$ cat query-v9.cif   # mmCIF, C-alpha atoms
data_start
#
loop_
_atom_site.label_atom_id
_atom_site.label_comp_id
_atom_site.auth_asym_id
_atom_site.auth_seq_id
_atom_site.Cartn_x
_atom_site.Cartn_y
_atom_site.Cartn_z
CA MET A 1257 44.60 -15.20 16.33
CA LEU A 1258 43.01 -15.03 12.88
CA GLY A 1259 41.60 -18.23 11.39
CA ILE A 1260 41.21 -18.03 7.60
CA ASP A 1261 39.13 -20.44 5.54
CA VAL A 1262 40.34 -20.26 1.93
CA SER A 1263 38.35 -20.82 -1.22
CA LYS A 1264 38.95 -19.94 -4.84
CA ARG A 1265 37.23 -16.54 -4.73
CA GLU A 1266 36.80 -15.69 -1.04
CA LEU A 1267 38.53 -15.70 2.33
CA THR A 1268 36.37 -16.10 5.43
CA ALA A 1269 38.31 -14.89 8.48
CA THR A 1270 37.44 -14.97 12.18
CA TRP A 1271 39.38 -13.11 14.88
CA LEU A 1272 39.63 -15.16 18.07
CA ASP A 1273 40.30 -13.45 21.38
CA GLU A 1274 43.13 -15.47 22.93
CA PRO A 1275 42.30 -15.02 26.65
CA THR A 1276 38.60 -15.86 26.32
CA GLN A 1277 38.70 -18.09 23.21
CA GLN A 1278 35.68 -16.20 21.92
CA ALA A 1279 35.17 -15.11 18.30
CA ARG A 1280 35.15 -11.30 18.22
CA TRP A 1281 34.37 -10.76 14.56
CA THR A 1282 34.02 -12.60 11.26
CA THR A 1283 34.39 -11.13 7.81
CA THR A 1284 34.49 -12.35 4.22
CA VAL A 1285 36.77 -10.68 1.69
CA ALA A 1286 37.81 -11.42 -1.87
CA ASN A 1287 40.80 -13.69 -2.36
CA THR A 1288 42.66 -10.84 -4.04
CA PRO A 1289 45.45 -8.45 -2.98
CA SER A 1290 42.90 -5.76 -2.08
CA GLY A 1291 40.81 -8.21 -0.03
CA ILE A 1292 43.87 -9.44 1.86
CA GLN A 1293 44.86 -5.82 2.49
CA GLN A 1294 41.56 -5.40 4.35
CA LEU A 1295 42.58 -8.22 6.70
CA LEU A 1296 45.99 -6.64 7.19
CA GLU A 1297 44.42 -3.32 8.17
CA ARG A 1298 42.07 -5.00 10.63
CA THR A 1299 44.61 -7.22 12.44
CA PRO A 1300 47.54 -6.07 14.61
CA ASP A 1301 51.13 -6.20 13.42
CA ALA A 1302 52.90 -9.50 14.13
CA SER A 1303 49.58 -11.24 14.78
CA SER A 1304 49.18 -14.91 13.90
CA TRP A 1305 47.15 -16.12 10.94
CA VAL A 1306 46.13 -19.77 10.62
CA VAL A 1307 45.70 -21.09 7.08
CA GLU A 1308 45.05 -24.57 5.75
CA PRO A 1309 47.12 -25.16 2.58
CA THR A 1310 44.86 -25.37 -0.48
CA GLY A 1311 47.38 -25.26 -3.30
CA ILE A 1312 47.26 -22.19 -5.52
CA TYR A 1313 44.24 -20.72 -3.68
CA SER A 1314 46.13 -20.19 -0.41
CA ARG A 1315 49.37 -19.03 -2.03
CA LEU A 1316 48.43 -15.34 -2.28
CA VAL A 1317 47.18 -14.88 1.30
CA VAL A 1318 50.23 -16.67 2.70
CA ALA A 1319 52.72 -14.63 0.67
CA GLN A 1320 51.04 -11.27 1.28
CA GLY A 1321 50.62 -11.97 4.98
CA GLN A 1322 54.27 -12.95 5.38
CA GLN A 1323 55.45 -9.88 3.48
CA ALA A 1324 53.42 -7.68 5.84
CA GLY A 1325 55.00 -9.25 8.92
CA ARG A 1326 52.17 -11.53 9.97
CA ILE A 1327 53.03 -14.97 11.38
CA VAL A 1328 51.23 -17.32 8.99
CA LEU A 1329 50.81 -20.77 10.58
CA LEU A 1330 50.25 -23.94 8.56
CA ALA A 1331 47.31 -26.09 9.65
CA PRO A 1332 48.01 -29.71 8.51
CA PRO A 1333 45.06 -30.59 6.24
CA LYS A 1334 44.21 -34.07 7.56
CA HIS A 1335 44.64 -33.23 11.23
CA ALA A 1336 42.80 -29.92 10.90
CA ARG A 1337 39.93 -31.61 9.06
CA ASP A 1338 39.61 -34.24 11.80
CA TYR A 1339 39.66 -31.53 14.46
CA LEU A 1340 36.96 -29.51 12.70
CA ARG A 1341 34.75 -32.58 12.32
CA SER A 1342 35.15 -33.41 16.00
CA ARG A 1343 34.05 -29.90 16.99
CA HIS A 1344 31.12 -29.62 14.58
CA PRO A 1345 30.10 -33.08 13.32
CA ARG A 1346 26.71 -31.89 12.01
CA ALA A 1347 27.61 -28.65 10.28
CA LYS A 1348 30.27 -27.29 7.99
CA THR A 1349 30.38 -23.68 6.87
CA ASP A 1350 33.16 -21.28 6.01
CA ARG A 1351 32.58 -19.37 9.25
CA ILE A 1352 32.65 -22.53 11.39
CA ASP A 1353 35.87 -23.64 9.69
CA SER A 1354 37.55 -20.24 10.22
CA VAL A 1355 36.69 -20.30 13.93
CA GLY A 1356 37.82 -23.92 14.19
CA LEU A 1357 41.18 -23.21 12.55
CA ALA A 1358 41.88 -20.42 15.04
CA ARG A 1359 40.99 -22.68 17.96
CA TYR A 1360 43.00 -25.54 16.48
CA ALA A 1361 46.09 -23.32 16.57
CA HIS A 1362 45.65 -23.02 20.34
CA THR A 1363 45.60 -26.79 20.82
CA GLU A 1364 48.57 -27.64 18.58
CA ALA A 1365 52.02 -26.13 18.16
CA LEU A 1366 51.74 -25.29 14.46
CA ARG A 1367 54.70 -24.44 12.28
CA PRO A 1368 54.90 -21.32 10.13
CA PHE A 1369 54.47 -21.65 6.38
CA PRO A 1370 57.94 -21.98 4.83
CA ARG A 1371 59.20 -19.01 2.84
CA LYS A 1372 60.02 -20.14 -0.68
CA THR A 1373 62.54 -18.61 -3.04
CA PRO A 1374 61.49 -18.00 -6.67
CA ALA A 1375 63.62 -20.97 -7.79
CA VAL A 1376 61.96 -23.29 -5.27
CA GLU A 1377 58.50 -22.01 -6.22
CA THR A 1378 59.16 -22.60 -9.93
CA VAL A 1379 60.53 -26.11 -9.47
CA GLU A 1380 57.71 -26.99 -7.09
CA GLN A 1381 55.09 -25.93 -9.64
CA LEU A 1382 56.77 -27.99 -12.35
CA LEU A 1383 56.90 -31.01 -10.03
CA THR A 1384 53.20 -30.62 -9.28
CA ALA A 1385 52.43 -30.50 -13.00
CA ARG A 1386 54.57 -33.58 -13.57
CA LYS A 1387 52.71 -35.42 -10.81
CA GLY A 1388 49.40 -34.75 -12.58
CA VAL A 1389 50.77 -35.98 -15.92
CA SER A 1390 52.21 -39.09 -14.27
CA GLN A 1391 48.88 -39.90 -12.64
CA ALA A 1392 47.09 -39.46 -15.97
CA ILE A 1393 49.50 -41.86 -17.65
CA SER A 1394 48.93 -44.50 -14.96
CA GLN A 1395 45.16 -44.15 -15.25
CA LEU A 1396 45.20 -44.45 -19.03
CA ARG A 1397 47.43 -47.53 -18.85
CA GLN A 1398 44.92 -49.21 -16.56
CA GLN A 1399 42.07 -48.31 -18.92
CA ARG A 1400 43.99 -49.61 -21.94
CA SER A 1401 44.33 -53.03 -20.29
CA VAL A 1402 40.57 -53.37 -19.73
CA LEU A 1403 39.24 -51.48 -22.77
CA PRO A 1404 40.62 -53.28 -25.84
CA ALA A 1405 38.30 -51.40 -28.20
CA ALA A 1406 39.96 -48.12 -27.20
CA ALA A 1407 43.48 -49.50 -26.78
CA GLU A 1408 44.89 -47.86 -29.93
CA THR A 1409 43.52 -44.42 -29.09
CA LEU A 1410 44.68 -44.69 -25.48
CA ALA A 1411 48.15 -45.77 -26.62
CA GLY A 1412 48.44 -42.54 -28.63
CA ALA A 1413 47.30 -40.47 -25.65
CA ILE A 1414 49.82 -42.21 -23.40
CA ALA A 1415 52.65 -41.56 -25.86
CA ASP A 1416 51.70 -37.88 -26.04
CA LEU A 1417 51.62 -37.57 -22.26
CA GLN A 1418 54.97 -39.34 -21.95
CA ALA A 1419 56.48 -36.78 -24.33
CA ARG A 1420 55.04 -33.97 -22.21
CA GLN A 1421 56.37 -35.62 -19.08
CA ALA A 1422 59.85 -35.72 -20.61
CA ALA A 1423 59.50 -32.03 -21.49
CA LEU A 1424 58.63 -31.25 -17.87
CA ASP A 1425 61.69 -33.21 -16.73
CA ARG A 1426 63.87 -31.00 -18.91
CA GLN A 1427 62.14 -27.89 -17.57
CA ILE A 1428 62.80 -28.98 -13.99
CA THR A 1429 66.49 -29.41 -14.71
CA ALA A 1430 66.69 -26.09 -16.54
CA ALA A 1431 64.77 -24.20 -13.84
CA SER A 1432 67.20 -25.31 -11.13
CA ARG A 1433 70.35 -24.61 -13.13
CA ASP A 1434 72.48 -21.72 -11.80
CA THR A 1435 70.30 -21.49 -8.65
CA PRO A 1436 70.99 -22.48 -5.02
CA LEU A 1437 69.06 -25.70 -5.73
CA ALA A 1438 71.63 -26.95 -8.24
CA PRO A 1439 74.36 -28.17 -5.79
CA PRO A 1440 72.03 -30.16 -3.48
CA MET A 1441 70.24 -31.65 -6.48
CA ALA A 1442 73.55 -32.79 -7.97
CA ALA A 1443 74.60 -34.34 -4.65
CA LEU A 1444 71.30 -36.21 -4.30
CA ASP A 1445 71.36 -37.34 -7.94
CA ALA A 1446 74.61 -39.20 -7.19
CA ILE A 1447 72.80 -41.60 -4.81
CA PRO A 1448 72.11 -44.95 -6.58
CA GLY A 1449 68.54 -45.22 -7.81
CA ILE A 1450 67.76 -41.52 -7.46
CA GLY A 1451 67.32 -39.59 -10.69
CA PRO A 1452 67.00 -35.88 -11.49
CA VAL A 1453 63.26 -35.67 -10.79
CA THR A 1454 63.44 -37.32 -7.37
CA ALA A 1455 66.56 -35.30 -6.56
CA ALA A 1456 64.65 -32.11 -7.37
CA ALA A 1457 61.61 -33.12 -5.32
CA VAL A 1458 63.70 -34.09 -2.29
CA ALA A 1459 65.90 -30.98 -2.53
CA VAL A 1460 62.87 -28.67 -2.65
CA CYS A 1461 61.33 -30.41 0.35
CA LEU A 1462 64.50 -30.34 2.45
CA GLU A 1463 65.25 -26.73 1.51
CA THR A 1464 61.83 -25.48 2.59
CA LYS A 1465 61.13 -27.69 5.62
CA GLN A 1466 64.60 -27.70 7.24
CA PHE A 1467 64.11 -30.90 9.24
CA SER A 1468 66.45 -31.12 12.22
CA HIS A 1469 66.54 -34.94 12.27
CA PRO A 1470 66.10 -37.66 9.62
CA ASP A 1471 63.18 -39.18 11.53
CA GLN A 1472 61.25 -35.97 10.90
CA PHE A 1473 61.79 -36.28 7.14
CA VAL A 1474 60.87 -39.99 7.19
CA ALA A 1475 57.66 -39.17 9.10
CA TYR A 1476 56.86 -36.28 6.78
CA ILE A 1477 56.75 -38.56 3.75
CA GLY A 1478 54.85 -41.31 5.60
CA LEU A 1479 57.57 -43.97 5.59
CA ASP A 1480 57.62 -44.23 9.39
CA ILE A 1481 56.20 -47.27 11.14
CA ARG A 1482 52.90 -46.93 12.97
CA VAL A 1483 52.56 -49.17 16.01
CA ALA A 1484 49.30 -51.10 16.26
CA ASP A 1485 49.07 -53.12 19.50
CA SER A 1486 45.55 -54.16 20.42
CA GLY A 1487 44.05 -57.37 21.72
CA GLN A 1488 45.84 -60.33 20.15
CA ARG A 1489 47.70 -58.10 17.76
CA HIS A 1490 51.16 -57.30 19.13
CA GLY A 1491 54.33 -56.11 17.48
CA ARG A 1492 52.80 -55.63 14.05
CA GLY A 1493 53.50 -52.28 12.46
CA SER A 1494 52.51 -50.64 9.22
CA LEU A 1495 53.45 -47.50 7.35
CA SER A 1496 51.73 -44.37 8.60
CA ARG A 1497 51.21 -43.18 5.00
CA GLN A 1498 50.84 -39.63 6.26
CA GLY A 1499 52.16 -36.51 4.61
CA HIS A 1500 53.80 -36.18 1.21
CA ALA A 1501 52.47 -39.11 -0.85
CA GLU A 1502 54.32 -38.14 -4.04
CA LEU A 1503 57.73 -38.14 -2.36
CA ARG A 1504 56.88 -41.49 -0.79
CA ARG A 1505 56.02 -42.88 -4.23
CA LEU A 1506 59.18 -41.52 -5.84
CA LEU A 1507 61.47 -42.96 -3.16
CA TYR A 1508 59.71 -46.32 -3.42
CA LEU A 1509 60.39 -46.30 -7.17
CA CYS A 1510 64.02 -45.45 -6.40
CA ALA A 1511 64.19 -48.47 -4.10
CA GLN A 1512 62.89 -50.62 -6.97
CA ALA A 1513 65.47 -49.11 -9.32
CA ASN A 1514 68.25 -50.18 -6.97
CA GLN A 1515 67.17 -53.80 -7.23
CA ARG A 1516 67.79 -53.63 -10.99
CA SER A 1517 71.34 -52.38 -10.45
CA ARG A 1518 74.20 -54.55 -11.72
CA ASP A 1519 76.62 -53.09 -9.19
CA PRO A 1520 77.46 -55.89 -6.71
CA ASP A 1521 78.54 -53.30 -4.13
CA ASN A 1522 75.25 -51.38 -4.21
CA PRO A 1523 74.43 -51.03 -0.46
CA PHE A 1524 70.70 -50.59 -1.08
CA LYS A 1525 70.54 -53.80 -3.11
CA ARG A 1526 72.34 -55.64 -0.31
CA GLN A 1527 69.94 -54.13 2.23
CA TYR A 1528 66.96 -55.41 0.23
CA ALA A 1529 68.38 -58.95 0.31
CA ALA A 1530 69.03 -58.66 4.05
CA GLU A 1531 65.49 -57.43 4.71
CA GLN A 1532 64.00 -60.33 2.78
CA ALA A 1533 66.26 -62.73 4.69
CA LYS A 1534 64.56 -61.46 7.87
CA GLY A 1535 61.23 -62.62 6.44
CA LEU A 1536 59.92 -59.29 5.13
CA SER A 1537 57.70 -59.29 2.07
CA THR A 1538 58.81 -57.68 -1.17
CA THR A 1539 56.83 -54.51 -0.45
CA ALA A 1540 58.03 -54.25 3.15
CA ALA A 1541 61.65 -54.75 2.11
CA LEU A 1542 61.34 -52.07 -0.58
CA CYS A 1543 59.80 -49.68 1.98
CA ALA A 1544 62.77 -50.31 4.29
CA VAL A 1545 65.14 -49.44 1.42
CA ALA A 1546 63.09 -46.33 0.59
CA ARG A 1547 63.31 -45.29 4.24
CA LYS A 1548 67.11 -45.68 4.14
CA LEU A 1549 67.25 -43.65 0.92
CA ALA A 1550 65.31 -40.88 2.67
CA ARG A 1551 67.73 -40.86 5.59
CA THR A 1552 70.70 -40.80 3.21
CA CYS A 1553 69.21 -37.85 1.32
CA TRP A 1554 68.64 -35.95 4.55
CA SER A 1555 72.21 -36.55 5.75
CA ILE A 1556 73.80 -35.45 2.48
CA HIS A 1557 71.64 -32.34 2.30
CA LYS A 1558 71.99 -31.44 5.99
CA HIS A 1559 75.75 -31.77 6.15
CA GLY A 1560 76.57 -30.69 2.60
CA THR A 1561 78.47 -33.89 1.88
CA THR A 1562 78.66 -36.21 -1.13
CA TYR A 1563 77.46 -39.77 -1.49
CA ASP A 1564 79.78 -42.35 0.10
CA PRO A 1565 78.58 -45.99 -0.14
CA THR A 1566 80.73 -47.01 2.84
CA ARG A 1567 78.75 -44.68 5.13
CA VAL A 1568 75.24 -45.65 4.09
CA HIS A 1569 74.67 -48.14 6.92
CA ARG A 1570 76.88 -46.53 9.52
CA GLN A 1571 74.87 -45.99 12.69
CA PRO A 1572 74.46 -42.30 13.68
CA THR A 1573 74.91 -41.05 17.20
CA SER A 1574 71.80 -40.73 19.36
CA PRO A 1575 69.91 -37.48 18.66
CA PRO A 1576 69.00 -34.96 21.34
CA ARG A 1577 65.67 -35.81 22.98
CA ASP A 1578 63.94 -32.70 21.64
CA ALA A 1579 65.20 -33.27 18.09
CA VAL A 1580 62.66 -36.01 17.45
CA ALA A 1581 59.90 -34.83 19.72
CA ASP A 1582 57.61 -33.79 16.87
CA LEU A 1583 57.88 -36.34 14.07
CA ASP A 1584 54.34 -36.28 12.67
CA ILE A 1585 54.74 -33.29 10.38
CA GLN A 1586 52.25 -32.60 7.60
CA PRO A 1587 52.76 -30.73 4.36
#

$ encode --input "query-v9.cif" --output "structure tokens"
Amino acid sequence: MLGIDVSKRELTATWLDEPTQQARWTTTVANTPSGIQQLLERTPDASSWVVEPTGIYSRLVVAQGQQAGRIVLLAPPKHARDYLRSRHPRAKTDRIDSVGLARYAHTEALRPFPRKTPAVETVEQLLTARKGVSQAISQLRQQRSVLPAAAETLAGAIADLQARQAALDRQITAASRDTPLAPPMAALDAIPGIGPVTAAAVAVCLETKQFSHPDQFVAYIGLDIRVADSGQRHGRGSLSRQGHAELRRLLYLCAQANQRSRDPDNPFKRQYAAEQAKGLSTTAALCAVARKLARTCWSIHKHGTTYDPTRVHRQPTSPPRDAVADLDIQP
């Protein structure tokens, strides 16, 4: 088992002997094709590599390792970080982290990094860029409301960013055209409240992760309910807010969009009214609608069907016990 701590310029790798759980050797190589080749030459064929996803910095080692036949396992960032802190609360070095990642893989059943097609990789990069632009717009809007002296300048910056965001939206649509992503995106775009950008983000996620049950997808985006029973507090749940925060935000916005619909037969608008009739707050009711949107997206993508409003709230059959055994999946 090879634990790899990734940084911008270097990879610190430690080989862990599985029977004894002892570190046999540690090396640091450049985060370049030639550096990764050194790791390939030093590790056996079909060995397992454990890597924590770090955006563009981990992309090269994952791709080159997979191409060479290595099993590259994904260490969920939050869980791996908590594990490393529990093992070494007073120290943090690249070597300690590489050893910890290898040992973490022995305590948890980690999933391999998904293999992405060029189309998925392109759309994913554009979505990441759009997320950054969207966050910048939100931040500038907040500043404009509290900085009246700079309001005019900030308004111009916001308008410029909005134009760039629209350009990215067009790029996302163009990048998926005439690719395997186009049909699932079109099917998801037909769901009320879901637009092209959310359809692209959901399609990319479902294509790469291949969830076997909708509860896995709901947990992945952090819309599942976390039970918190302690002392006098019983029966009160809250969102786990784990996993893919951007998808969770997009689906929440889609739930809001459904409430503005003028279609009296919109099932998601009716669900919102029913949730509020139960006593749920506005936010909780919208989260329930977002959760239903996620399940609907999964079903349409999984079964290759089209949107049918009469089937939105039809109860599915009970899943196999092992289908929902591992719901807390990280990106």

$ resolve_selection --input "query-v9.cif" --expression "the PyMOL selection byres ((chain A and resi 1512-1525) around 12)" --output "MDAnalysis selection string"
chainID A and resid 1447:1451 1505:1511 1526:1532 1538:1550 1552 1563:1570

$ residues_around --input "query-v9.cif" --residues "segment 1425-1427 of chain A" --least-positions-apart "5" --cutoff "10 Å" --atoms "all atoms listed in the file" --output "count of residues only"
12

$ resolve_selection --input "query-v9.cif" --expression "the PyMOL selection byres ((chain A and resi 1273) around 12)" --output "VMD selection string"
chain A and resid 1257 to 1259 1270 to 1272 1274 to 1282 1299 1303 to 1304 1355 1358 to 1359 1362

$ closest_residue --input "query-v9.cif" --among "A:Ala1331, A:Val1306, A:Ala1446, A:Val1376" --to "Leu1462 of chain A" --atoms "all atoms listed in the file"
A:Val1376

$ residues_around --input "query-v9.cif" --residues "Arg1341 of chain A" --least-positions-apart "5" --cutoff "12 Å" --atoms "only C-alpha atoms" --output "ChimeraX atom specification"
/A:1334-1336,1346-1349,1352-1353,1356-1357,1360

$ atom_distance --input "query-v9.cif" --atom1 "atom CA of Ile1556 of chain A" --atom2 "atom CA of Leu1330 of chain A"
26.9 Å

$ resolve_selection --input "query-v9.cif" --expression "the PyMOL selection byres ((chain A and resi 1559) around 12)" --output "PDB file with C-alpha atoms, in the coordinates of the input"
ATOM      1  CA  PRO A1440      72.030 -30.160  -3.480  1.00  0.00           C
ATOM      2  CA  ALA A1443      74.600 -34.340  -4.650  1.00  0.00           C
ATOM      3  CA  LEU A1462      64.500 -30.340   2.450  1.00  0.00           C
ATOM      4  CA  GLN A1466      64.600 -27.700   7.240  1.00  0.00           C
ATOM      5  CA  SER A1468      66.450 -31.120  12.220  1.00  0.00           C
ATOM      6  CA  HIS A1469      66.540 -34.940  12.270  1.00  0.00           C
ATOM      7  CA  PRO A1470      66.100 -37.660   9.620  1.00  0.00           C
ATOM      8  CA  THR A1552      70.700 -40.800   3.210  1.00  0.00           C
ATOM      9  CA  CYS A1553      69.210 -37.850   1.320  1.00  0.00           C
ATOM     10  CA  TRP A1554      68.640 -35.950   4.550  1.00  0.00           C
ATOM     11  CA  SER A1555      72.210 -36.550   5.750  1.00  0.00           C
ATOM     12  CA  ILE A1556      73.800 -35.450   2.480  1.00  0.00           C
ATOM     13  CA  HIS A1557      71.640 -32.340   2.300  1.00  0.00           C
ATOM     14  CA  LYS A1558      71.990 -31.440   5.990  1.00  0.00           C
ATOM     15  CA  GLY A1560      76.570 -30.690   2.600  1.00  0.00           C
ATOM     16  CA  THR A1561      78.470 -33.890   1.880  1.00  0.00           C
ATOM     17  CA  THR A1562      78.660 -36.210  -1.130  1.00  0.00           C
ATOM     18  CA  TYR A1563      77.460 -39.770  -1.490  1.00  0.00           C
TER      19      TYR A1563
END

$ closest_residue --input "query-v9.cif" --among "A:Thr1283, A:Glu1377, A:Val1402, A:Ala1459" --to "Leu1295 of chain A" --atoms "all atoms listed in the file"
A:Thr1283

$ atom_distance --input "query-v9.cif" --atom1 "atom CA of Ala1415 of chain A" --atom2 "atom CA of Ser1401 of chain A"
15.2 Å

$ residues_near_point --input "query-v9.cif" --point "(57.1, -47.1, 6.6)" --cutoff "6 Å" --atoms "all atoms listed in the file" --output "list of chain:residue names"
A:Leu1479, A:Asp1480, A:Ile1481, A:Leu1495, A:Cys1543

$ atom_distance --input "query-v9.cif" --atom1 "atom CA of Thr1268 of chain A" --atom2 "atom CA of Ser1314 of chain A"
12.1 Å

$ closest_residue --input "query-v9.cif" --among "A:Ala1422, A:Val1328, A:Leu1396, A:Ala1457" --to "Glu1502 of chain A" --atoms "only C-alpha atoms"
A:Ala1457

$ build_atoms --input "query-v9.cif" --residues "segment 1505-1521 of chain A" --atoms "N, CA and C atoms" --output "PDB file, in the frame of the given file"
ATOM      1  N   ARG A1505      56.082 -42.075  -3.011  1.00  0.00           N
ATOM      2  CA  ARG A1505      56.020 -42.880  -4.230  1.00  0.00           C
ATOM      3  C   ARG A1505      57.346 -42.843  -4.984  1.00  0.00           C
ATOM      4  N   LEU A1506      57.927 -41.654  -5.103  1.00  0.00           N
ATOM      5  CA  LEU A1506      59.180 -41.520  -5.840  1.00  0.00           C
ATOM      6  C   LEU A1506      60.309 -42.304  -5.182  1.00  0.00           C
ATOM      7  N   LEU A1507      60.401 -42.237  -3.852  1.00  0.00           N
ATOM      8  CA  LEU A1507      61.470 -42.960  -3.160  1.00  0.00           C
ATOM      9  C   LEU A1507      61.243 -44.471  -3.225  1.00  0.00           C
ATOM     10  N   TYR A1508      59.995 -44.894  -3.251  1.00  0.00           N
ATOM     11  CA  TYR A1508      59.710 -46.320  -3.420  1.00  0.00           C
ATOM     12  C   TYR A1508      60.170 -46.795  -4.800  1.00  0.00           C
ATOM     13  N   LEU A1509      59.919 -45.967  -5.824  1.00  0.00           N
ATOM     14  CA  LEU A1509      60.390 -46.300  -7.170  1.00  0.00           C
ATOM     15  C   LEU A1509      61.913 -46.333  -7.221  1.00  0.00           C
ATOM     16  N   CYS A1510      62.555 -45.443  -6.470  1.00  0.00           N
ATOM     17  CA  CYS A1510      64.020 -45.450  -6.400  1.00  0.00           C
ATOM     18  C   CYS A1510      64.528 -46.734  -5.756  1.00  0.00           C
ATOM     19  N   ALA A1511      63.816 -47.204  -4.737  1.00  0.00           N
ATOM     20  CA  ALA A1511      64.190 -48.470  -4.100  1.00  0.00           C
ATOM     21  C   ALA A1511      64.073 -49.620  -5.106  1.00  0.00           C
ATOM     22  N   GLN A1512      63.035 -49.595  -5.933  1.00  0.00           N
ATOM     23  CA  GLN A1512      62.890 -50.620  -6.970  1.00  0.00           C
ATOM     24  C   GLN A1512      64.016 -50.536  -7.985  1.00  0.00           C
ATOM     25  N   ALA A1513      64.395 -49.299  -8.341  1.00  0.00           N
ATOM     26  CA  ALA A1513      65.470 -49.110  -9.320  1.00  0.00           C
ATOM     27  C   ALA A1513      66.778 -49.705  -8.816  1.00  0.00           C
ATOM     28  N   ASN A1514      67.020 -49.620  -7.525  1.00  0.00           N
ATOM     29  CA  ASN A1514      68.250 -50.180  -6.970  1.00  0.00           C
ATOM     30  C   ASN A1514      68.313 -51.687  -7.099  1.00  0.00           C
ATOM     31  N   GLN A1515      67.168 -52.343  -7.103  1.00  0.00           N
ATOM     32  CA  GLN A1515      67.170 -53.800  -7.230  1.00  0.00           C
ATOM     33  C   GLN A1515      67.534 -54.239  -8.652  1.00  0.00           C
ATOM     34  N   ARG A1516      67.415 -53.323  -9.606  1.00  0.00           N
ATOM     35  CA  ARG A1516      67.790 -53.630 -10.990  1.00  0.00           C
ATOM     36  C   ARG A1516      69.255 -53.294 -11.274  1.00  0.00           C
ATOM     37  N   SER A1517      69.938 -52.773 -10.279  1.00  0.00           N
ATOM     38  CA  SER A1517      71.340 -52.380 -10.450  1.00  0.00           C
ATOM     39  C   SER A1517      72.225 -53.611 -10.642  1.00  0.00           C
ATOM     40  N   ARG A1518      73.236 -53.471 -11.494  1.00  0.00           N
ATOM     41  CA  ARG A1518      74.200 -54.550 -11.720  1.00  0.00           C
ATOM     42  C   ARG A1518      75.459 -54.373 -10.874  1.00  0.00           C
ATOM     43  N   ASP A1519      75.470 -53.345 -10.050  1.00  0.00           N
ATOM     44  CA  ASP A1519      76.620 -53.090  -9.190  1.00  0.00           C
ATOM     45  C   ASP A1519      76.554 -54.027  -7.986  1.00  0.00           C
ATOM     46  N   PRO A1520      77.509 -54.944  -7.840  1.00  0.00           N
ATOM     47  CA  PRO A1520      77.460 -55.890  -6.710  1.00  0.00           C
ATOM     48  C   PRO A1520      77.687 -55.214  -5.365  1.00  0.00           C
ATOM     49  N   ASP A1521      78.269 -54.009  -5.383  1.00  0.00           N
ATOM     50  CA  ASP A1521      78.540 -53.300  -4.130  1.00  0.00           C
ATOM     51  C   ASP A1521      77.454 -52.280  -3.788  1.00  0.00           C
TER      52      ASP A1521
END
